[in-house]
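J.: As input, take structure20.cif (mmCIF, C-alpha atoms):
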data_protein
#
loop_
_atom_site.group_PDB
_atom_site.id
_atom_site.type_symbol
_atom_site.label_atom_id
_atom_site.label_comp_id
_atom_site.auth_asym_id
_atom_site.auth_seq_id
_atom_site.Cartn_x
_atom_site.Cartn_y
_atom_site.Cartn_z
ATOM 1 C CA MET A 1 265.329 74.776 139.970
ATOM 2 C CA ASP A 2 266.870 73.918 136.600
ATOM 3 C CA ALA A 3 270.307 72.536 135.754
ATOM 4 C CA SER A 4 271.878 75.889 134.908
ATOM 5 C CA THR A 5 270.730 77.384 138.221
ATOM 6 C CA LEU A 6 272.120 74.429 140.157
ATOM 7 C CA HIS A 7 275.389 74.708 138.228
ATOM 8 C CA ALA A 8 275.640 78.376 139.155
ATOM 9 C CA LYS A 9 274.873 77.753 142.821
ATOM 10 C CA LEU A 10 277.457 74.983 143.143
ATOM 11 C CA ASP A 11 280.011 77.165 141.362
ATOM 12 C CA ALA A 12 279.295 79.906 143.896
ATOM 13 C CA GLU A 13 280.093 77.407 146.671
ATOM 14 C CA HIS A 14 283.378 76.480 144.935
ATOM 15 C CA TYR A 15 282.247 72.874 144.673
ATOM 16 C CA ILE A 16 283.850 70.690 142.008
ATOM 17 C CA TYR A 17 281.321 68.427 140.290
ATOM 18 C CA ASP A 18 280.567 66.520 137.119
ATOM 19 C CA ASP A 19 277.429 66.302 135.003
ATOM 20 C CA SER A 20 276.274 62.978 136.464
ATOM 21 C CA LEU A 21 276.276 64.460 139.972
ATOM 22 C CA ILE A 22 274.277 67.474 138.811
ATOM 23 C CA THR A 23 271.717 65.227 137.103
ATOM 24 C CA THR A 24 271.259 63.011 140.162
ATOM 25 C CA LEU A 25 270.929 65.954 142.549
ATOM 26 C CA LEU A 26 268.497 67.776 140.288
ATOM 27 C CA VAL A 27 266.190 64.803 139.699
ATOM 28 C CA ALA A 28 266.203 63.788 143.382
ATOM 29 C CA LEU A 29 265.369 67.371 144.337
ATOM 30 C CA GLN A 30 262.556 67.740 141.798
ATOM 31 C CA LEU A 31 260.979 64.382 142.658
ATOM 32 C CA GLY A 32 261.375 64.839 146.398
ATOM 33 C CA ARG A 33 263.293 61.565 146.636
ATOM 34 C CA PRO A 34 265.853 60.850 149.364
ATOM 35 C CA LEU A 35 269.403 60.511 148.031
ATOM 36 C CA LEU A 36 271.604 57.642 149.211
ATOM 37 C CA ILE A 37 275.313 58.323 148.708
ATOM 38 C CA GLU A 38 277.812 55.505 149.162
ATOM 39 C CA GLY A 39 281.582 55.471 148.961
ATOM 40 C CA ALA A 40 284.740 55.092 150.982
ATOM 41 C CA ALA A 41 285.307 57.277 154.020
ATOM 42 C CA GLY A 42 286.643 60.683 153.061
ATOM 43 C CA VAL A 43 285.461 60.940 149.456
ATOM 44 C CA GLY A 44 283.164 63.886 150.190
ATOM 45 C CA LYS A 45 279.716 62.361 150.769
ATOM 46 C CA THR A 46 278.814 64.605 153.703
ATOM 47 C CA GLU A 47 280.104 67.635 151.817
ATOM 48 C CA ILE A 48 277.351 67.209 149.215
ATOM 49 C CA ALA A 49 274.658 67.726 151.867
ATOM 50 C CA LYS A 50 276.472 70.791 153.211
ATOM 51 C CA VAL A 51 276.869 72.286 149.754
ATOM 52 C CA MET A 52 273.226 71.614 148.852
ATOM 53 C CA ALA A 53 272.076 73.321 152.059
ATOM 54 C CA ALA A 54 274.106 76.384 151.118
ATOM 55 C CA ALA A 55 273.031 76.261 147.463
ATOM 56 C CA LEU A 56 269.333 75.963 148.377
ATOM 57 C CA ASP A 57 269.643 78.478 151.229
ATOM 58 C CA ARG A 58 268.241 75.913 153.666
ATOM 59 C CA GLU A 59 269.124 74.936 157.190
ATOM 60 C CA LEU A 60 271.184 71.750 157.475
ATOM 61 C CA VAL A 61 269.739 69.319 160.051
ATOM 62 C CA ARG A 62 272.189 66.510 160.754
ATOM 63 C CA LEU A 63 271.591 63.133 162.366
ATOM 64 C CA GLN A 64 274.858 61.309 163.072
ATOM 65 C CA CYS A 65 274.191 57.583 163.190
ATOM 66 C CA TYR A 66 275.874 55.132 165.552
ATOM 67 C CA GLU A 67 275.256 51.683 166.970
ATOM 68 C CA GLY A 68 272.334 51.723 169.390
ATOM 69 C CA LEU A 69 270.712 54.869 167.955
ATOM 70 C CA ASP A 70 266.974 54.815 168.735
ATOM 71 C CA GLU A 71 263.839 56.930 168.324
ATOM 72 C CA GLY A 72 264.544 58.866 171.506
ATOM 73 C CA LYS A 73 267.707 60.322 170.006
ATOM 74 C CA ALA A 74 266.596 60.522 166.376
ATOM 75 C CA LEU A 75 262.898 61.424 166.410
ATOM 76 C CA TYR A 76 261.527 62.734 169.701
ATOM 77 C CA GLU A 77 261.659 62.509 173.464
ATOM 78 C CA TRP A 78 259.320 63.666 176.213
ATOM 79 C CA ASN A 79 260.625 66.229 178.669
ATOM 80 C CA TYR A 80 260.167 64.038 181.729
ATOM 81 C CA GLN A 81 261.471 66.582 184.243
ATOM 82 C CA LYS A 82 259.001 69.190 183.009
ATOM 83 C CA GLN A 83 256.189 66.636 183.059
ATOM 84 C CA LEU A 84 256.944 65.695 186.683
ATOM 85 C CA LEU A 85 256.954 69.350 187.682
ATOM 86 C CA ALA A 86 253.609 69.881 185.916
ATOM 87 C CA ILE A 87 252.127 66.912 187.767
ATOM 88 C CA GLN A 88 253.162 68.358 191.127
ATOM 89 C CA VAL A 89 251.772 71.794 190.289
ATOM 90 C CA SER A 90 248.525 70.752 188.581
ATOM 91 C CA ARG A 91 247.406 67.532 190.263
ATOM 92 C CA ASP A 92 244.938 69.359 192.513
ATOM 93 C CA LEU A 93 243.739 71.686 189.751
ATOM 94 C CA LYS A 94 242.916 69.243 186.944
ATOM 95 C CA SER A 95 241.150 65.953 186.611
ATOM 96 C CA PRO A 96 243.434 62.944 186.053
ATOM 97 C CA GLU A 97 242.261 62.647 182.443
ATOM 98 C CA ALA A 98 242.873 66.321 181.665
ATOM 99 C CA LEU A 99 246.239 66.258 183.397
ATOM 100 C CA THR A 100 247.335 63.171 181.449
ATOM 101 C CA ALA A 101 246.262 64.706 178.141
ATOM 102 C CA SER A 102 248.100 67.943 178.861
ATOM 103 C CA LEU A 103 251.348 66.120 179.615
ATOM 104 C CA PHE A 104 251.591 64.788 176.047
ATOM 105 C CA SER A 105 251.385 68.043 174.159
ATOM 106 C CA ASP A 106 253.878 70.143 172.227
ATOM 107 C CA ASP A 107 254.872 71.916 175.427
ATOM 108 C CA TYR A 108 256.587 68.745 176.623
ATOM 109 C CA LEU A 109 257.808 67.365 173.294
ATOM 110 C CA LEU A 110 261.541 67.555 172.590
ATOM 111 C CA GLU A 111 262.219 67.516 168.853
ATOM 112 C CA ARG A 112 265.151 65.471 167.602
ATOM 113 C CA PRO A 113 266.561 65.833 164.051
ATOM 114 C CA LEU A 114 264.005 63.708 162.200
ATOM 115 C CA LEU A 115 260.941 65.333 163.754
ATOM 116 C CA ARG A 116 262.473 68.770 163.536
ATOM 117 C CA SER A 117 263.132 68.363 159.812
ATOM 118 C CA ILE A 118 259.503 67.549 158.906
ATOM 119 C CA ARG A 119 257.898 70.051 161.320
ATOM 120 C CA SER A 120 260.024 72.938 160.092
ATOM 121 C CA GLU A 121 258.047 75.791 158.564
ATOM 122 C CA LYS A 122 260.726 76.131 155.874
ATOM 123 C CA PRO A 123 262.208 73.191 153.933
ATOM 124 C CA VAL A 124 265.537 71.947 155.283
ATOM 125 C CA VAL A 125 268.287 69.605 154.133
ATOM 126 C CA LEU A 126 268.229 66.525 156.354
ATOM 127 C CA LEU A 127 271.554 64.685 156.520
ATOM 128 C CA ILE A 128 271.377 61.148 157.916
ATOM 129 C CA ASP A 129 275.100 60.529 158.156
ATOM 130 C CA GLU A 130 276.660 57.047 158.122
ATOM 131 C CA ILE A 131 273.388 55.129 158.185
ATOM 132 C CA ASP A 132 275.387 51.892 157.924
ATOM 133 C CA LYS A 133 276.590 52.416 161.510
ATOM 134 C CA ALA A 134 273.026 52.260 162.870
ATOM 135 C CA ASP A 135 271.252 48.999 163.644
ATOM 136 C CA GLU A 136 268.975 47.302 161.114
ATOM 137 C CA GLU A 137 266.014 48.029 163.411
ATOM 138 C CA PHE A 138 266.639 51.754 163.125
ATOM 139 C CA GLU A 139 266.997 51.454 159.370
ATOM 140 C CA ALA A 140 263.557 49.797 159.257
ATOM 141 C CA PHE A 141 262.141 52.590 161.434
ATOM 142 C CA LEU A 142 263.288 55.136 158.824
ATOM 143 C CA LEU A 143 261.196 53.605 156.064
ATOM 144 C CA GLU A 144 257.978 55.403 157.082
ATOM 145 C CA LEU A 145 259.725 58.756 157.003
ATOM 146 C CA LEU A 146 261.484 58.143 153.684
ATOM 147 C CA SER A 147 258.441 56.789 151.847
ATOM 148 C CA GLU A 148 255.552 58.772 153.324
ATOM 149 C CA MET A 149 257.287 61.817 154.816
ATOM 150 C CA GLN A 150 255.503 61.193 158.066
ATOM 151 C CA VAL A 151 256.283 59.707 161.483
ATOM 152 C CA THR A 152 254.145 58.107 164.160
ATOM 153 C CA ILE A 153 254.354 59.019 167.847
ATOM 154 C CA PRO A 154 252.200 56.676 169.978
ATOM 155 C CA GLU A 155 250.974 59.384 172.363
ATOM 156 C CA VAL A 156 250.231 61.880 169.574
ATOM 157 C CA GLY A 157 249.510 59.902 166.423
ATOM 158 C CA THR A 158 250.792 60.400 162.894
ATOM 159 C CA ILE A 159 252.639 63.625 162.166
ATOM 160 C CA ARG A 160 252.854 64.522 158.491
ATOM 161 C CA ALA A 161 255.527 66.777 157.071
ATOM 162 C CA LYS A 162 254.734 70.473 156.920
ATOM 163 C CA THR A 163 257.476 70.866 154.333
ATOM 164 C CA ILE A 164 259.419 68.226 152.403
ATOM 165 C CA PRO A 165 263.094 68.110 153.383
ATOM 166 C CA PHE A 166 265.799 67.191 150.911
ATOM 167 C CA VAL A 167 267.093 64.007 152.547
ATOM 168 C CA VAL A 168 270.686 62.851 152.064
ATOM 169 C CA LEU A 169 271.796 59.527 153.525
ATOM 170 C CA THR A 170 275.467 58.558 153.495
ATOM 171 C CA SER A 171 277.041 55.133 153.917
ATOM 172 C CA ASN A 172 280.629 53.918 154.122
ATOM 173 C CA ARG A 173 279.378 50.397 153.285
ATOM 174 C CA THR A 174 280.478 48.874 156.592
ATOM 175 C CA ARG A 175 277.368 46.679 156.347
ATOM 176 C CA PRO A 176 274.832 46.010 153.574
ATOM 177 C CA LEU A 177 271.754 48.208 153.574
ATOM 178 C CA SER A 178 268.310 46.710 153.033
ATOM 179 C CA GLU A 179 266.687 46.606 149.624
ATOM 180 C CA ALA A 180 263.634 48.341 151.115
ATOM 181 C CA LEU A 181 265.772 51.366 151.993
ATOM 182 C CA ARG A 182 267.511 51.400 148.631
ATOM 183 C CA ARG A 183 264.210 51.281 146.726
ATOM 184 C CA ARG A 184 263.067 54.476 148.391
ATOM 185 C CA CYS A 185 266.166 56.442 147.423
ATOM 186 C CA ALA A 186 267.948 57.837 144.432
ATOM 187 C CA TYR A 187 271.490 56.468 144.417
ATOM 188 C CA LEU A 188 274.943 57.944 143.973
ATOM 189 C CA TYR A 189 278.302 56.224 144.353
ATOM 190 C CA ILE A 190 281.359 58.422 144.842
ATOM 191 C CA GLN A 191 284.948 57.360 144.328
ATOM 192 C CA TYR A 192 288.120 59.173 145.261
ATOM 193 C CA PRO A 193 288.674 61.981 142.752
ATOM 194 C CA SER A 194 291.003 61.654 139.803
ATOM 195 C CA LEU A 195 294.322 63.474 139.945
ATOM 196 C CA GLU A 196 292.982 66.328 137.813
ATOM 197 C CA LYS A 197 289.829 66.670 139.901
ATOM 198 C CA GLU A 198 291.784 66.659 143.158
ATOM 199 C CA VAL A 199 293.988 69.482 141.867
ATOM 200 C CA ALA A 200 290.810 71.366 140.927
ATOM 201 C CA ILE A 201 289.438 70.825 144.453
ATOM 202 C CA ILE A 202 292.659 72.164 145.979
ATOM 203 C CA ARG A 203 292.449 75.215 143.729
ATOM 204 C CA ALA A 204 288.802 75.826 144.617
ATOM 205 C CA LYS A 205 289.217 75.488 148.386
ATOM 206 C CA LEU A 206 292.651 77.150 148.595
ATOM 207 C CA PRO A 207 292.572 79.735 145.782
ATOM 208 C CA ASN A 208 296.019 81.164 146.559
ATOM 209 C CA VAL A 209 297.754 77.796 146.516
ATOM 210 C CA ASN A 210 301.061 77.361 144.726
ATOM 211 C CA GLU A 211 300.224 75.501 141.507
ATOM 212 C CA ARG A 212 303.302 73.288 141.602
ATOM 213 C CA LEU A 213 302.654 72.334 145.222
ATOM 214 C CA ALA A 214 299.007 71.513 144.498
ATOM 215 C CA ILE A 215 299.992 69.084 141.739
ATOM 216 C CA GLN A 216 302.730 67.485 143.841
ATOM 217 C CA VAL A 217 300.432 66.962 146.818
ATOM 218 C CA ALA A 218 297.635 65.545 144.641
ATOM 219 C CA GLN A 219 300.065 63.099 143.050
ATOM 220 C CA ALA A 220 301.474 62.053 146.434
ATOM 221 C CA ILE A 221 297.948 61.537 147.788
ATOM 222 C CA HIS A 222 297.074 59.324 144.845
ATOM 223 C CA ASP A 223 300.228 57.262 145.379
ATOM 224 C CA LEU A 224 299.280 56.789 149.031
ATOM 225 C CA ARG A 225 295.726 55.706 148.157
ATOM 226 C CA GLU A 226 297.034 53.149 145.671
ATOM 227 C CA ASN A 227 299.502 51.772 148.215
ATOM 228 C CA GLN A 228 298.065 48.554 149.647
ATOM 229 C CA ALA A 229 300.141 48.988 152.804
ATOM 230 C CA ILE A 230 298.249 52.165 153.753
ATOM 231 C CA LEU A 231 295.312 51.130 155.928
ATOM 232 C CA LYS A 232 293.467 54.431 156.223
ATOM 233 C CA LYS A 233 293.391 56.063 152.810
ATOM 234 C CA PRO A 234 293.806 59.862 152.910
ATOM 235 C CA SER A 235 290.549 61.766 152.543
ATOM 236 C CA ILE A 236 289.981 64.903 150.499
ATOM 237 C CA ALA A 237 289.850 66.880 153.754
ATOM 238 C CA GLU A 238 293.302 65.555 154.647
ATOM 239 C CA THR A 239 294.580 66.584 151.226
ATOM 240 C CA LEU A 240 293.487 70.153 151.975
ATOM 241 C CA ASP A 241 294.922 69.984 155.497
ATOM 242 C CA TRP A 242 298.254 68.847 154.097
ATOM 243 C CA VAL A 243 298.447 71.662 151.559
ATOM 244 C CA ALA A 244 297.468 74.203 154.232
ATOM 245 C CA ALA A 245 300.125 72.844 156.606
ATOM 246 C CA LEU A 246 302.830 73.025 153.936
ATOM 247 C CA GLU A 247 301.897 76.587 153.030
ATOM 248 C CA ALA A 248 301.796 77.576 156.712
ATOM 249 C CA LEU A 249 305.420 76.442 156.938
ATOM 250 C CA GLY A 250 306.330 78.399 153.829
ATOM 251 C CA ILE A 251 306.997 75.218 151.835
ATOM 252 C CA SER A 252 306.358 75.471 148.108
ATOM 253 C CA ASP A 253 308.044 72.235 147.010
ATOM 254 C CA LEU A 254 307.056 68.794 148.311
ATOM 255 C CA THR A 255 310.479 67.327 148.952
ATOM 256 C CA GLY A 256 311.113 64.180 150.975
ATOM 257 C CA GLU A 257 312.069 66.329 153.951
ATOM 258 C CA ALA A 258 308.856 68.367 153.661
ATOM 259 C CA MET A 259 306.794 65.179 153.506
ATOM 260 C CA ASP A 260 308.537 63.801 156.594
ATOM 261 C CA GLN A 261 307.870 67.021 158.518
ATOM 262 C CA THR A 262 304.164 67.144 157.699
ATOM 263 C CA LYS A 263 303.140 63.491 157.270
ATOM 264 C CA GLY A 264 301.035 63.657 160.449
ATOM 265 C CA PHE A 265 298.536 65.855 158.599
ATOM 266 C CA VAL A 266 297.777 63.156 156.042
ATOM 267 C CA LEU A 267 298.404 59.834 157.817
ATOM 268 C CA LYS A 268 296.744 59.334 161.185
ATOM 269 C CA ASN A 269 298.011 56.050 162.601
ATOM 270 C CA SER A 270 301.388 54.508 163.396
ATOM 271 C CA GLU A 271 301.031 51.627 160.917
ATOM 272 C CA ASP A 272 300.571 53.988 157.995
ATOM 273 C CA LEU A 273 303.443 56.198 159.122
ATOM 274 C CA GLU A 274 305.652 53.115 159.270
ATOM 275 C CA ALA A 275 304.534 52.064 155.785
ATOM 276 C CA LEU A 276 305.363 55.519 154.462
ATOM 277 C CA SER A 277 308.820 55.273 155.999
ATOM 278 C CA GLY A 278 309.453 51.975 154.238
ATOM 279 C CA GLY A 279 308.498 49.483 156.935
ATOM 280 C CA GLY A 280 305.202 48.326 155.443
ATOM 281 C CA HIS A 281 304.576 45.644 152.819
ATOM 282 C CA CYS A 282 301.903 45.316 150.199
ATOM 283 C CA GLY A 283 299.722 42.239 150.163
ATOM 284 C CA GLU A 284 300.042 39.293 147.804
ATOM 285 C CA GLY A 285 303.803 39.713 147.610
ATOM 286 C CA GLY A 286 303.296 43.091 146.001
ATOM 287 C CA HIS A 287 305.720 45.946 146.134
ATOM 288 C CA CYS A 288 305.238 49.674 145.995
ATOM 289 C CA GLY A 289 307.176 52.861 146.369
ATOM 290 C CA HIS A 290 306.306 53.189 150.057
ATOM 291 C CA CYS A 291 307.408 49.740 151.235
ATOM 292 C CA HIS A 292 310.354 47.395 150.809
ATOM 293 C CA SER A 293 310.679 43.640 150.454
ATOM 294 C CA GLU A 294 313.801 41.533 150.287
ATOM 295 C CA ALA A 295 312.200 39.279 147.672
ATOM 296 C CA ALA A 296 311.325 42.142 145.367
ATOM 297 C CA PRO A 297 313.711 44.211 143.307
ATOM 298 C CA GLU A 298 314.709 47.527 144.732
ATOM 299 C CA ALA A 299 312.056 50.144 144.159
ATOM 300 C CA PRO A 300 312.301 53.920 144.355
ATOM 301 C CA ASP A 301 311.604 55.463 147.742
ATOM 302 C CA ASP A 302 309.159 58.298 148.457
ATOM 303 C CA THR A 303 311.716 60.963 147.620
ATOM 304 C CA ASP A 304 312.105 59.468 144.146
ATOM 305 C CA LYS A 305 308.328 59.383 143.704
ATOM 306 C CA ILE A 306 308.107 63.037 144.628
ATOM 307 C CA ALA A 307 310.978 63.898 142.317
ATOM 308 C CA ARG A 308 309.135 62.245 139.430
ATOM 309 C CA ALA A 309 306.003 64.237 140.290
ATOM 310 C CA GLN A 310 308.057 67.422 140.288
ATOM 311 C CA ASP A 311 309.419 66.623 136.837
ATOM 312 C CA ARG A 312 305.986 65.994 135.337
ATOM 313 C CA PRO A 313 304.690 68.750 133.058
ATOM 314 C CA THR A 314 302.046 71.010 134.534
ATOM 315 C CA LEU A 315 298.591 69.453 134.207
ATOM 316 C CA LYS A 316 295.934 71.382 132.389
ATOM 317 C CA VAL A 317 293.143 71.016 134.907
ATOM 318 C CA PRO A 318 289.691 72.554 134.389
ATOM 319 C CA ARG A 319 288.388 74.496 137.352
ATOM 320 C CA THR A 320 284.992 72.845 137.032
ATOM 321 C CA LEU A 321 284.809 69.236 135.872
#
Let's see the structure in the file written out as structure tokens.
T.:
Amino acid sequence: MDASTLHAKLDAEHYIYDDSLITTLLVALQLGRPLLIEGAAGVGKTEIAKVMAAALDRELVRLQCYEGLDEGKALYEWNYQKQLLAIQVSRDLKSPEALTASLFSDDYLLERPLLRSIRSEKPVVLLIDEIDKADEEFEAFLLELLSEMQVTIPEVGTIRAKTIPFVVLTSNRTRPLSEALRRRCAYLYIQYPSLEKEVAIIRAKLPNVNERLAIQVAQAIHDLRENQAILKKPSIAETLDWVAALEALGISDLTGEAMDQTKGFVLKNSEDLEALSGGGHCGEGGHCGHCHSEAAPEAPDDTDKIARAQDRPTLKVPRTL
């Protein structure tokens, strides 16, 4: 696949990208290298794997990481119930050696995402999501797969990949990842989109959106992300949810009243809702449009912020960045 083909495929999926992303994806794909994507929660790391699966016309195999994840959930597991049943049925028909050998065959092997991805007859996209949530021991276990595209099962031996999956690992950087893992991967760091890019994303995902509303929501989202009092920064998905909620209510202008009615679609905890209402404070004696402090001069409230966004001239935003 060349760059122009990848451009066309991502355009067909209505994915907003830049040239550096295209270059990284293309080189990782051509070299068969895993791709490690880091960034804050909600910037669209997982979406890249989904879009690449669609663009490459491959199945997406997803492994969601969590603390305590082990080989039995990620790689393989033996079907113990079926093995016990086979023992009861065949113990008088086979020698102990033959019976033992038969119990550790494909008939009793339960594939988990990692094994399934390398034994697939057709190449897949393997998403190892939030690898930073898994233990360091599991991260070390992954090294054989990422470097050699093979895994070892004690009862079976080494299983080499039938096809090479396109591996995407994501991390929210809740803990440092090992240098050994990083060396095996191409690397991409994603930040929250610029105002222009966020408007382009809204346009791409919600093609019938009111242009004025899209710009107002994107500006409000950026103000919230820059507000130090907001603990959980709004994700791109929440931006789209907010626009969809406003349009479902027939709202085409993001007034203070409209924001108050729909704030639960963009802020998901009580502390952030309080900060939006003016009860939160920025750190280091700071002051922002969403919070108030007696020591600081009076600042405009959210309604004033929205009014300024409404008065801004329409942005000339490219549909593909």
J.: Take the PyMOL selection byres ((chain A and resi 193) around 12), run it mentally on this structure, and tell me the resulting residues as a PDB file with C-alpha atoms, in the frame of the given file.
T.:
ATOM      1  CA  ILE A  16     283.850  70.690 142.008  1.00  0.00           C
ATOM      2  CA  TYR A  17     281.321  68.427 140.290  1.00  0.00           C
ATOM      3  CA  ASP A  18     280.567  66.520 137.119  1.00  0.00           C
ATOM      4  CA  GLY A  39     281.582  55.471 148.961  1.00  0.00           C
ATOM      5  CA  ALA A  40     284.740  55.092 150.982  1.00  0.00           C
ATOM      6  CA  GLY A  42     286.643  60.683 153.061  1.00  0.00           C
ATOM      7  CA  VAL A  43     285.461  60.940 149.456  1.00  0.00           C
ATOM      8  CA  GLY A  44     283.164  63.886 150.190  1.00  0.00           C
ATOM      9  CA  TYR A 189     278.302  56.224 144.353  1.00  0.00           C
ATOM     10  CA  ILE A 190     281.359  58.422 144.842  1.00  0.00           C
ATOM     11  CA  GLN A 191     284.948  57.360 144.328  1.00  0.00           C
ATOM     12  CA  TYR A 192     288.120  59.173 145.261  1.00  0.00           C
ATOM     13  CA  SER A 194     291.003  61.654 139.803  1.00  0.00           C
ATOM     14  CA  LEU A 195     294.322  63.474 139.945  1.00  0.00           C
ATOM     15  CA  GLU A 196     292.982  66.328 137.813  1.00  0.00           C
ATOM     16  CA  LYS A 197     289.829  66.670 139.901  1.00  0.00           C
ATOM     17  CA  GLU A 198     291.784  66.659 143.158  1.00  0.00           C
ATOM     18  CA  VAL A 199     293.988  69.482 141.867  1.00  0.00           C
ATOM     19  CA  ALA A 200     290.810  71.366 140.927  1.00  0.00           C
ATOM     20  CA  ILE A 201     289.438  70.825 144.453  1.00  0.00           C
ATOM     21  CA  ILE A 202     292.659  72.164 145.979  1.00  0.00           C
ATOM     22  CA  ALA A 218     297.635  65.545 144.641  1.00  0.00           C
ATOM     23  CA  GLN A 219     300.065  63.099 143.050  1.00  0.00           C
ATOM     24  CA  ILE A 221     297.948  61.537 147.788  1.00  0.00           C
ATOM     25  CA  HIS A 222     297.074  59.324 144.845  1.00  0.00           C
ATOM     26  CA  ARG A 225     295.726  55.706 148.157  1.00  0.00           C
ATOM     27  CA  PRO A 234     293.806  59.862 152.910  1.00  0.00           C
ATOM     28  CA  SER A 235     290.549  61.766 152.543  1.00  0.00           C
ATOM     29  CA  ILE A 236     289.981  64.903 150.499  1.00  0.00           C
ATOM     30  CA  THR A 239     294.580  66.584 151.226  1.00  0.00           C
ATOM     31  CA  LEU A 321     284.809  69.236 135.872  1.00  0.00           C
TER      32      LEU A 321
END
J.: Which residue is closest to Leu126 (chain A)? Choose from A:Gly250, A:Pro34, A:Gly264, A:Pro176 and count only C-alpha atoms.
T.: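 The shortest atom-to-atom distance to Leu126 (chain A) comes from A:Pro34.
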J.: I'd like to see the residues matched by the PyMOL selection byres ((chain A and resi 118) around 10) on this file, and ideally I'd get them as a list in words.
T.: Pro113, Leu114, Leu115, Arg116, Ser117, Arg119, Ser120, Glu121, Lys122, Pro123, Val124, Leu126, Leu145, Met149, Gln150, Val151, Ile159, Arg160, Ala161, Lys162, Thr163, Ile164 and Pro165 of chain A
J.: Applied to this file, what does the PyMOL selection byres ((chain A and resi 100-103) around 12) return in terms of residues, put as a compact mmCIF listing (two decimals) with C-alpha atoms, in the coordinates of the input?
T.:
# COMPACT_ATOMS: atom_id res chain seq x y z
CA TRP A 78 259.32 63.67 176.21
CA ASN A 79 260.62 66.23 178.67
CA TYR A 80 260.17 64.04 181.73
CA GLN A 81 261.47 66.58 184.24
CA LYS A 82 259.00 69.19 183.01
CA GLN A 83 256.19 66.64 183.06
CA LEU A 84 256.94 65.69 186.68
CA LEU A 85 256.95 69.35 187.68
CA ALA A 86 253.61 69.88 185.92
CA ILE A 87 252.13 66.91 187.77
CA GLN A 88 253.16 68.36 191.13
CA SER A 90 248.52 70.75 188.58
CA ARG A 91 247.41 67.53 190.26
CA LYS A 94 242.92 69.24 186.94
CA SER A 95 241.15 65.95 186.61
CA PRO A 96 243.43 62.94 186.05
CA GLU A 97 242.26 62.65 182.44
CA ALA A 98 242.87 66.32 181.66
CA LEU A 99 246.24 66.26 183.40
CA PHE A 104 251.59 64.79 176.05
CA SER A 105 251.38 68.04 174.16
CA ASP A 106 253.88 70.14 172.23
CA ASP A 107 254.87 71.92 175.43
CA TYR A 108 256.59 68.74 176.62
CA LEU A 109 257.81 67.36 173.29
CA GLU A 155 250.97 59.38 172.36
CA VAL A 156 250.23 61.88 169.57
J.: Around the point (282.3, 46.9, 154.8), in the coordinates given by the file, pick out the residues reaching within 12 Å, counting all atoms listed in the file, and return them as a list in words.
T.: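 Answer for this query, in the requested form: Glu38, Gly39, Ala40, Ala41, Asp132, Lys133, Ser171, Asn172, Arg173, Thr174, Arg175, Pro176 and Leu177 of chain A.
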J.: Rank nothing, just name the residue among A:Leu188, A:Leu75, A:Leu10, A:Val89 nearest to Leu142 (chain A), using all atoms listed in the file.
T.: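 Nearest to Leu142 (chain A): A:Leu75.
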J.: Tell me, in Å to one decimal, how far CA of Leu25 (chain A) is from CA of Asp129 (chain A).
T.: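 If I compute the distance from CA of Leu25 (chain A) to CA of Asp129 (chain A), I get 17.0 Å.
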J.: Can you tell me how far CA of Ala8 (chain A) sits from CA of Leu56 (chain A), in Å to one decimal?
T.: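 Separation of CA of Ala8 (chain A) and CA of Leu56 (chain A): 11.4 Å.
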J.: Need to verify the contact set: Ser4 (chain A), 12 Å, all atoms listed in the file, exclusion of same-chain residues closer than 3 positions in sequence. Can you return it as a list in words?
T.: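 Those residues are Met1, His7, Ala8, Lys9, Leu10, Asp11, Asp19, Ile22, Thr23 and Leu26 of chain A.
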J.: Please provide the set of residues having any atom within 8 Å of Leu35 (chain A), restricted to only C-alpha atoms, with same-chain residues fewer than 6 positions apart removed, written as JSON, numbers by chain.
T.: {"A": [25, 28, 167, 168, 169, 185, 186, 187, 188]}
J.: If you measure from CA of Asp57 (chain A) to CA of Gly32 (chain A), what distance in Å do you get, rounded to one decimal?
T.: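 Calculated distance between CA of Asp57 (chain A) and CA of Gly32 (chain A) is 16.7 Å.
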J.: Of the candidates A:Glu130, A:Glu13, A:Glu247, A:Glu77, which one gets nearest to Arg112 (chain A) if we count all atoms listed in the file?
T.: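 Of all the options, A:Glu77 lies closest to Arg112 (chain A).
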J.: Check the smallest atom-to-atom distance from each of A:Ser252, A:Ser270, A:Thr46, A:Asn208 to Ile131 (chain A) using only C-alpha atoms, then report the winner.
T.: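 Closest candidate: A:Thr46.
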J.: Complete region 93-98 of chain A with N, CA and C atoms (output as a tab-separated table (two decimals), in the coordinates of the input).
T.:
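Ended up saving to out_20.tsv:
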chain	number	residue	atom	x	y	z
A	93	LEU	N	244.49	70.72	190.54
A	93	LEU	CA	243.74	71.69	189.75
A	93	LEU	C	243.03	71.06	188.55
A	94	LYS	N	243.48	69.89	188.12
A	94	LYS	CA	242.92	69.24	186.94
A	94	LYS	C	242.48	67.83	187.28
A	95	SER	N	241.54	67.35	186.48
A	95	SER	CA	241.15	65.95	186.61
A	95	SER	C	242.29	65.08	186.09
A	96	PRO	N	242.35	63.82	186.53
A	96	PRO	CA	243.43	62.94	186.05
A	96	PRO	C	243.47	62.82	184.53
A	97	GLU	N	242.29	62.78	183.89
A	97	GLU	CA	242.26	62.65	182.44
A	97	GLU	C	242.81	63.90	181.76
A	98	ALA	N	242.39	65.07	182.25
A	98	ALA	CA	242.87	66.32	181.66
A	98	ALA	C	244.36	66.51	181.89
